[in-house]
Each structure stands twice: as C-alpha cells, then as structure tokens.
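Peer 1: Input file: start_34.cif. Contents: mmCIF, C-alpha atoms.
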```
data_input
#
loop_
_atom_site.label_atom_id
_atom_site.label_comp_id
_atom_site.auth_asym_id
_atom_site.auth_seq_id
_atom_site.Cartn_x
_atom_site.Cartn_y
_atom_site.Cartn_z
CA MET N 52 -8.31 -61.93 -44.65
CA CYS N 53 -6.32 -64.05 -42.17
CA ASP N 54 -7.49 -64.51 -38.60
CA GLN N 55 -4.48 -62.62 -37.23
CA CYS N 56 -5.13 -59.56 -39.43
CA SER N 57 -8.82 -59.57 -38.56
CA GLU N 58 -8.04 -59.65 -34.84
CA SER N 59 -5.51 -56.79 -35.20
CA LEU N 60 -8.03 -54.58 -37.02
CA HIS N 61 -10.69 -55.36 -34.42
CA HIS N 62 -8.32 -54.36 -31.57
CA GLN N 63 -7.36 -51.11 -33.36
CA SER N 64 -11.03 -50.23 -33.85
CA LEU N 65 -11.82 -50.78 -30.19
CA HIS N 66 -8.86 -48.60 -29.16
CA GLN N 67 -10.02 -45.78 -31.42
CA ASP N 68 -13.55 -45.94 -30.00
CA VAL N 69 -12.53 -46.05 -26.34
CA ALA N 70 -9.82 -43.36 -26.30
CA PRO N 71 -12.04 -40.49 -27.48
CA SER N 72 -14.71 -41.68 -25.07
CA ARG N 73 -12.30 -41.47 -22.16
CA ARG N 74 -11.04 -38.06 -23.27
CA SER N 75 -14.61 -36.83 -23.60
CA ALA N 76 -15.48 -38.09 -20.14
CA MET N 77 -12.47 -36.34 -18.61
CA LEU N 78 -13.22 -33.09 -20.40
CA PHE N 79 -16.87 -33.28 -19.41
CA GLY N 80 -15.98 -33.94 -15.77
CA ALA N 81 -13.59 -30.98 -15.65
CA ALA N 82 -16.13 -28.71 -17.31
CA ALA N 83 -18.88 -29.84 -14.97
CA PHE N 84 -16.76 -29.09 -11.89
CA GLY N 85 -15.80 -25.70 -13.25
CA MET N 86 -19.41 -24.83 -13.92
CA ALA N 87 -20.48 -25.93 -10.46
CA PHE N 88 -17.69 -24.07 -8.68
CA ALA N 89 -18.31 -20.88 -10.60
CA GLY N 90 -21.85 -21.03 -9.27
CA GLY N 91 -24.76 -20.00 -11.41
CA ALA N 92 -24.17 -22.30 -14.36
CA VAL N 93 -27.77 -23.40 -13.94
CA ALA N 94 -29.04 -19.92 -13.32
CA ASN N 95 -30.75 -19.50 -16.68
CA GLY N 96 -32.23 -21.35 -19.62
CA ALA N 97 -33.52 -24.90 -19.55
CA LEU N 98 -31.09 -25.97 -16.81
CA ALA N 99 -32.59 -23.47 -14.39
CA LYS N 100 -36.00 -25.11 -14.79
CA GLU N 101 -34.48 -28.44 -13.83
CA ALA N 102 -32.59 -27.10 -10.78
CA LYS N 103 -33.55 -28.82 -7.56
CA GLN N 104 -35.36 -26.99 -4.81
CA PRO N 105 -32.82 -26.22 -2.05
CA PRO N 106 -33.18 -28.55 0.96
CA LYS N 107 -33.88 -25.56 3.23
CA PRO N 108 -35.75 -22.89 1.19
CA GLU N 109 -35.90 -20.65 4.27
CA ASN N 110 -32.11 -20.31 4.04
CA VAL N 111 -32.25 -18.47 0.72
CA LEU N 112 -31.67 -14.97 2.09
CA SER N 113 -30.05 -11.66 1.26
CA PRO N 114 -26.82 -10.78 3.12
CA ASP N 115 -28.65 -8.35 5.40
CA ALA N 116 -31.46 -10.80 6.14
CA SER N 117 -28.89 -13.47 6.91
CA LEU N 118 -27.12 -11.24 9.42
CA LYS N 119 -30.46 -10.31 11.02
CA ARG N 120 -31.34 -13.99 11.38
CA LEU N 121 -27.96 -14.74 12.98
CA MET N 122 -28.35 -12.01 15.56
CA GLU N 123 -31.94 -12.98 16.35
CA GLY N 124 -30.71 -16.51 17.00
CA ASN N 125 -27.99 -15.18 19.28
CA ALA N 126 -30.57 -13.17 21.23
CA ARG N 127 -32.59 -16.35 21.82
CA TYR N 128 -29.46 -18.20 22.92
CA VAL N 129 -28.51 -15.45 25.37
CA SER N 130 -32.03 -15.42 26.80
CA GLY N 131 -32.12 -19.20 27.17
CA VAL N 132 -35.13 -19.64 24.89
CA ALA N 133 -33.57 -21.61 22.05
CA ARG N 134 -35.94 -23.22 19.58
CA ARG N 135 -36.59 -26.93 19.42
CA HIS N 136 -34.89 -28.32 16.32
CA ASP N 137 -36.32 -31.30 14.47
CA PHE N 138 -33.01 -33.00 13.76
CA LYS N 139 -34.63 -36.18 12.43
CA HIS N 140 -36.40 -34.50 9.54
CA GLU N 141 -33.48 -32.11 8.99
CA ARG N 142 -31.20 -35.09 8.47
CA GLU N 143 -33.57 -36.49 5.87
CA ALA N 144 -33.92 -33.17 4.05
CA LEU N 145 -30.18 -32.56 3.98
CA ALA N 146 -29.11 -36.00 2.83
CA GLY N 147 -29.03 -34.82 -0.78
CA GLY N 148 -27.49 -31.38 -0.37
CA GLN N 149 -27.03 -28.21 1.66
CA ASN N 150 -27.65 -24.48 1.42
CA PRO N 151 -26.41 -22.77 4.60
CA PHE N 152 -27.47 -19.16 5.08
CA ALA N 153 -24.11 -18.12 6.57
CA ALA N 154 -20.49 -19.19 6.89
CA VAL N 155 -18.72 -18.69 10.22
CA LEU N 156 -14.97 -18.58 10.81
CA SER N 157 -14.69 -19.27 14.53
CA CYS N 158 -11.99 -20.00 17.07
CA ALA N 159 -11.57 -23.70 17.90
CA ASP N 160 -12.00 -22.94 21.62
CA SER N 161 -14.29 -25.61 23.10
CA ARG N 162 -16.42 -22.93 24.78
CA ILE N 163 -17.37 -21.42 21.43
CA ALA N 164 -20.02 -23.30 19.48
CA PRO N 165 -21.50 -21.24 16.62
CA GLU N 166 -24.42 -23.61 16.06
CA TYR N 167 -25.50 -23.07 19.67
CA ALA N 168 -24.53 -19.40 19.87
CA PHE N 169 -26.86 -18.59 16.96
CA ASP N 170 -29.55 -21.13 17.83
CA SER N 171 -29.27 -22.74 14.41
CA GLY N 172 -30.21 -26.12 12.99
CA ARG N 173 -28.35 -28.59 10.85
CA GLY N 174 -27.50 -27.21 7.43
CA ASP N 175 -27.85 -23.59 8.54
CA LEU N 176 -24.20 -22.67 9.16
CA PHE N 177 -21.04 -23.59 7.27
CA VAL N 178 -18.50 -23.47 10.08
CA CYS N 179 -14.70 -23.35 9.83
CA ARG N 180 -12.82 -23.46 13.14
CA VAL N 181 -9.16 -22.82 13.93
CA ALA N 182 -7.44 -21.53 17.06
CA GLY N 183 -7.28 -17.76 16.70
CA ASN N 184 -10.04 -17.62 14.05
CA PHE N 185 -7.70 -16.52 11.25
CA ALA N 186 -8.15 -17.04 7.52
CA GLY N 187 -5.38 -19.32 6.26
CA THR N 188 -5.25 -20.73 2.74
CA GLU N 189 -7.36 -23.80 3.49
CA THR N 190 -9.94 -21.75 5.37
CA ILE N 191 -10.27 -19.24 2.55
CA ALA N 192 -10.73 -22.12 0.11
CA SER N 193 -13.43 -23.63 2.33
CA VAL N 194 -15.27 -20.33 2.60
CA GLU N 195 -14.97 -19.85 -1.17
CA TYR N 196 -16.74 -23.17 -1.57
CA ALA N 197 -19.52 -22.02 0.78
CA VAL N 198 -20.02 -18.84 -1.24
CA ALA N 199 -19.45 -20.01 -4.81
CA VAL N 200 -21.06 -23.45 -4.66
CA LEU N 201 -23.47 -23.31 -1.71
CA ASN N 202 -24.47 -19.66 -2.27
CA ALA N 203 -23.90 -18.54 1.33
CA PRO N 204 -24.60 -14.76 1.40
CA LEU N 205 -22.79 -13.98 4.66
CA ILE N 206 -19.42 -14.65 6.32
CA LEU N 207 -18.93 -13.94 10.02
CA VAL N 208 -15.44 -13.92 11.55
CA LEU N 209 -16.11 -14.76 15.19
CA GLY N 210 -13.48 -14.02 17.82
CA HIS N 211 -14.02 -14.24 21.57
CA ASP N 212 -12.72 -12.65 24.73
CA ALA N 213 -9.90 -14.31 26.70
CA CYS N 214 -8.66 -16.00 23.52
CA GLY N 215 -5.75 -18.30 24.44
CA ALA N 216 -4.28 -18.27 20.93
CA VAL N 217 -4.06 -14.48 20.90
CA ASP N 218 -2.71 -14.40 24.45
CA ALA N 219 -0.02 -16.97 23.55
CA THR N 220 0.96 -14.86 20.56
CA LEU N 221 1.37 -11.77 22.70
CA LYS N 222 3.54 -13.66 25.18
CA ALA N 223 5.69 -15.18 22.41
CA ILE N 224 6.33 -11.74 20.94
CA LYS N 225 6.99 -10.12 24.32
CA ASP N 226 9.37 -12.85 25.51
CA ASN N 227 10.89 -13.43 22.07
CA THR N 228 10.24 -17.15 22.38
CA SER N 229 8.81 -19.79 20.07
CA PRO N 230 6.11 -22.23 21.24
CA PRO N 231 6.66 -25.96 20.68
CA GLY N 232 5.36 -28.13 17.85
CA HIS N 233 3.30 -26.50 15.11
CA ILE N 234 1.95 -23.74 17.35
CA PRO N 235 4.31 -21.13 15.83
CA SER N 236 2.12 -21.22 12.70
CA LEU N 237 -0.71 -19.81 14.81
CA VAL N 238 1.58 -17.17 16.27
CA ASP N 239 2.74 -16.09 12.81
CA ALA N 240 -0.86 -15.68 11.64
CA ILE N 241 -1.99 -13.65 14.66
CA ALA N 242 1.23 -11.65 15.10
CA PRO N 243 0.24 -8.61 12.95
CA ALA N 244 -2.83 -7.94 15.10
CA ALA N 245 -0.89 -8.61 18.31
CA LYS N 246 1.92 -6.21 17.36
CA ALA N 247 -0.57 -3.50 16.43
CA ALA N 248 -2.26 -3.84 19.82
CA MET N 249 1.07 -3.77 21.67
CA GLN N 250 1.92 -0.47 20.04
CA GLN N 251 -1.35 1.01 21.30
CA GLY N 252 -0.91 -0.14 24.90
CA GLY N 253 -3.71 -0.35 27.44
CA ASP N 254 -5.83 -3.51 27.40
CA VAL N 255 -3.56 -5.22 24.90
CA LEU N 256 -5.26 -8.64 24.90
CA ASN N 257 -8.73 -7.33 24.09
CA LYS N 258 -7.35 -4.90 21.54
CA ALA N 259 -5.43 -7.72 19.84
CA ILE N 260 -8.53 -9.95 19.78
CA ARG N 261 -10.53 -7.16 18.20
CA GLN N 262 -7.82 -6.27 15.67
CA ASN N 263 -7.42 -9.92 14.69
CA VAL N 264 -11.10 -10.10 13.80
CA ILE N 265 -10.95 -6.85 11.84
CA ASP N 266 -7.84 -7.97 9.95
CA ASN N 267 -9.42 -11.26 8.90
CA VAL N 268 -12.66 -9.61 7.83
CA ALA N 269 -10.58 -7.40 5.54
CA LYS N 270 -8.60 -10.40 4.29
CA LEU N 271 -11.72 -12.35 3.34
CA LYS N 272 -13.41 -9.33 1.74
CA SER N 273 -10.42 -8.81 -0.53
CA ALA N 274 -9.72 -12.48 -1.33
CA ALA N 275 -9.62 -12.74 -5.12
CA PRO N 276 -11.12 -13.85 -7.36
CA ILE N 277 -14.21 -15.32 -5.69
CA LEU N 278 -14.98 -13.52 -2.44
CA ASN N 279 -14.06 -9.99 -3.50
CA ALA N 280 -16.20 -10.34 -6.64
CA ALA N 281 -19.19 -11.53 -4.60
CA VAL N 282 -18.78 -8.58 -2.23
CA GLU N 283 -18.56 -6.09 -5.11
CA GLN N 284 -21.69 -7.56 -6.69
CA GLY N 285 -23.64 -7.22 -3.43
CA LYS N 286 -24.11 -10.97 -3.13
CA LEU N 287 -21.92 -11.33 -0.06
CA LYS N 288 -21.40 -9.48 3.21
CA VAL N 289 -18.38 -10.13 5.45
CA VAL N 290 -18.67 -9.07 9.09
CA GLY N 291 -16.85 -9.60 12.37
CA GLY N 292 -17.96 -10.21 15.92
CA ILE N 293 -16.74 -10.98 19.42
CA TYR N 294 -18.35 -13.73 21.48
CA ARG N 295 -18.59 -12.89 25.18
CA LEU N 296 -17.91 -15.97 27.29
CA THR N 297 -19.85 -14.78 30.33
CA THR N 298 -23.11 -13.83 28.61
CA GLY N 299 -22.98 -15.61 25.24
CA THR N 300 -23.63 -12.30 23.50
CA VAL N 301 -22.04 -11.69 20.09
CA ASP N 302 -21.04 -8.06 19.63
CA LEU N 303 -20.62 -7.01 16.01
CA ILE N 304 -17.47 -4.96 15.52
CA ALA N 305 -16.80 -4.95 11.79
CA GLN N 306 -19.52 -4.71 9.18
CA GLY N 307 -19.34 -4.22 5.45
#
```
Could the structure of this file be written out as structure tokens, please?

Peer 2:
Amino acid sequence: MCDQCSESLHHQSLHQDVAPSRRSAMLFGAAAFGMAFAGGAVANGALAKEAKQPPKPENVLSPDASLKRLMEGNARYVSGVARRHDFKHEREALAGGQNPFAAVLSCADSRIAPEYAFDSGRGDLFVCRVAGNFAGTETIASVEYAVAVLNAPLILVLGHDACGAVDATLKAIKDNTSPPGHIPSLVDAIAPAAKAAMQQGGDVLNKAIRQNVIDNVAKLKSAAPILNAAVEQGKLKVVGGIYRLTTGTVDLIAQG
C-alpha cells in the first residue's frame, strides 16, 4: 500500500472514532442536565447511595416546617435577638453546593432584606428580587430551579407597605401617563392588581400591594409544568406576606 493511501485510511479511521465520541458526549451532557433539572434522578437505586449529603442537612424540611422556621426567624428579627451566624464555616460548607429551605420573591426596595428579615444564614434562602415583587418569566424560571434542582419546599412572595413600584403604577393608570425608560414594564406587570384595587376604592395603595402579592402567589402555584406539579404532589407550598417597614413584621396574607 502506498504512503498516501495509508495516510488517507488512517485519517478516515480517526474521524470515525472521534465523531461518535463527540455525539455521545453531547447526548450524555443533555441527558445529565435533563435528569438533574427534573430532580430526583438520583432518588433511588445505586445512584441514591452515592448521593452527597446536603451542605446544610438542617434545611431538609417539609413545606410546613419551612414556613414555621421562616416565621420564627422573623420573630427573632422583630425582637432584635437575631442569632450569631458562623459565616466562615458556612462559606466552606457551601462551596460545593446549596440546599436552601425556602425561595423568596421580594421587592428590590433597599429597605427589604429577606436574609435579615428572617434571621437566616448563607445558603438558607434562594432570593429573587424585582421592584414590585412580581413573577416575570425569568423569575419563574429561577424559582423553578430552586424547586426542581435545589429541592426548596417553600416559596414566599414578599410585598411591603409603601411600595414605590405599586404607587407609581397607580399614578400612571390614574394620570394615563407612561414612566420613562424601561419602567413601563413594571407598570404593566403590576397593573392588574392596581386596577382591581382602584375599583374597590378606600385605601387603594395598601389594597393594591396586597392584591399584587395574592396574584403572584396564584401565578406561581399554577406555573406549569414544574411548580404546579410540585404543589399538587404536596412537595411545595406557595405563600404570600407583607413586610411592615416600621416593625419588620411579616404578616402572612395568602397561604396554600
């Protein structure tokens, strides 16, 4: 056989060996991600025996126990007797993973800090924050990750009194004006709750804040296919609350 033919056959052989290998790697990667996102792929059989211990075993809770722990932390915060948190060792424990016991959808208001409000440590809460604490597409996706991959058993939608985003929405609707920049996207998201409160009259701002929380609790509970399935299976509870700026108290207003 000539040198040129030999080299051609050698190149063809290498190509045949590498291509399936690359295809296999891609298929394996896609399958691995799908299994991880579905959550529970390692829940039985030999893989379950090899599953790592969660970095914070105390965070493995039922939905009701998670809510109880949140509210106990809020009570400590309100009373000014927050626990001392060992952040150094928490950092070390969490370097390889996380298993928060609750996800919180909070307003981005600088006066609202869920980690403080519930006297929690690092790795305890999976927090998503946006002005007006509403569940947009990206937020729902983030919370889905917390539930499906990190096994968070609780979602809290946390509004607060004197919310500027809700107040701005009410004013925009009343005056038939549009705020500058990208702020109209916030107005559009909060508008259904604001309009419902305006129809009721009375303390419109507080009613709109409350309705906005209730609406987003309902939206997350019904978000298919991940969150609604977890709720139906009893693995997830979605609740709502209002943070009181003066006292720091979180009043639960929507539970389910």

Peer 1: Using the chain letters and numbering of this document, enumerate as a VMD selection string the residues selected by the PyMOL selection byres ((chain N and resi 209) around 6).

Peer 2: chain N and resid 156 to 157 207 to 208 210 291 to 293

Peer 1: Please enumerate the residues selected by the PyMOL selection byres ((chain N and resi 145) around 10) when evaluated against the supplied file, formatted as a tab-separated table (two decimals) with C-alpha atoms, keeping the file's coordinate frame.

Peer 2:
```tsv
chain	number	residue	atom	x	y	z
N	105	PRO	CA	-32.82	-26.22	-2.05
N	106	PRO	CA	-33.18	-28.55	0.96
N	107	LYS	CA	-33.88	-25.56	3.23
N	140	HIS	CA	-36.40	-34.50	9.54
N	141	GLU	CA	-33.48	-32.11	8.99
N	142	ARG	CA	-31.20	-35.09	8.47
N	143	GLU	CA	-33.57	-36.49	5.87
N	144	ALA	CA	-33.92	-33.17	4.05
N	146	ALA	CA	-29.11	-36.00	2.83
N	147	GLY	CA	-29.03	-34.82	-0.78
N	148	GLY	CA	-27.49	-31.38	-0.37
N	149	GLN	CA	-27.03	-28.21	1.66
N	150	ASN	CA	-27.65	-24.48	1.42
N	173	ARG	CA	-28.35	-28.59	10.85
N	174	GLY	CA	-27.50	-27.21	7.43
```

Peer 1: Show which residues sit within 9 Å of stretch 278-283 of chain N, as a list of chain:residue names. Count all atoms listed in the file, and ignore same-chain residues fewer than 4 positions away.

Peer 2: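 In the requested format, the answer is N:Ile191, N:Val194, N:Glu195, N:Val198, N:Ala199, N:Pro204, N:Leu271, N:Lys272, N:Ser273, N:Ala274, N:Leu287, N:Lys288, N:Val289, N:Gly307.
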
Peer 1: With all atoms listed in the file as the basis for distance, which of N:Asp218, N:Asp254, N:Asp226, N:Asp302 is at the shortest distance from N:Val238?

Peer 2: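 For N:Val238, the nearest of the given residues is N:Asp218.
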
Peer 1: Hey, which of N:Asp160, N:Phe177, N:Val200, N:Leu205 ends up closest to N:Gly285? Count only C-alpha atoms.

Peer 2: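 The closest residue to N:Gly285 is N:Leu205.
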
Peer 1: One decimal, Å: what's the distance from atom CA of N:Phe185 over to atom CA of N:Val129, could you say?

Peer 2: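 Going from atom CA of N:Phe185 over to atom CA of N:Val129 covers 25.2 Å.
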
Peer 1: Running the PyMOL selection byres ((chain N and resi 258) around 10) on this model by hand, what would come out? Give it as a ChimeraX atom specification.

Peer 2: /N:212,244-245,247-249,251-257,259-263

Peer 1: Between atom CA of N:Ala154 and atom CA of N:Asn184, what distance in Å does the model show, to one decimal?

Peer 2: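 According to the coordinates, atom CA of N:Ala154 and atom CA of N:Asn184 are separated by 12.8 Å.
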
Peer 1: Could you please determine the separation between atom CA of N:Val111 and atom CA of N:Ser171 in Å, to one decimal place?

Peer 2: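 Separating atom CA of N:Val111 from atom CA of N:Ser171 is a distance of 14.6 Å.
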
Peer 1: So, counting only C-alpha atoms, which residue among N:Ala133, N:Ala275, N:Leu112, N:Ile241 is closest to N:Gly183?

Peer 2: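 Checking each of N:Ala133, N:Ala275, N:Leu112, N:Ile241 against N:Gly183, counting only C-alpha atoms, the winner is N:Ile241.
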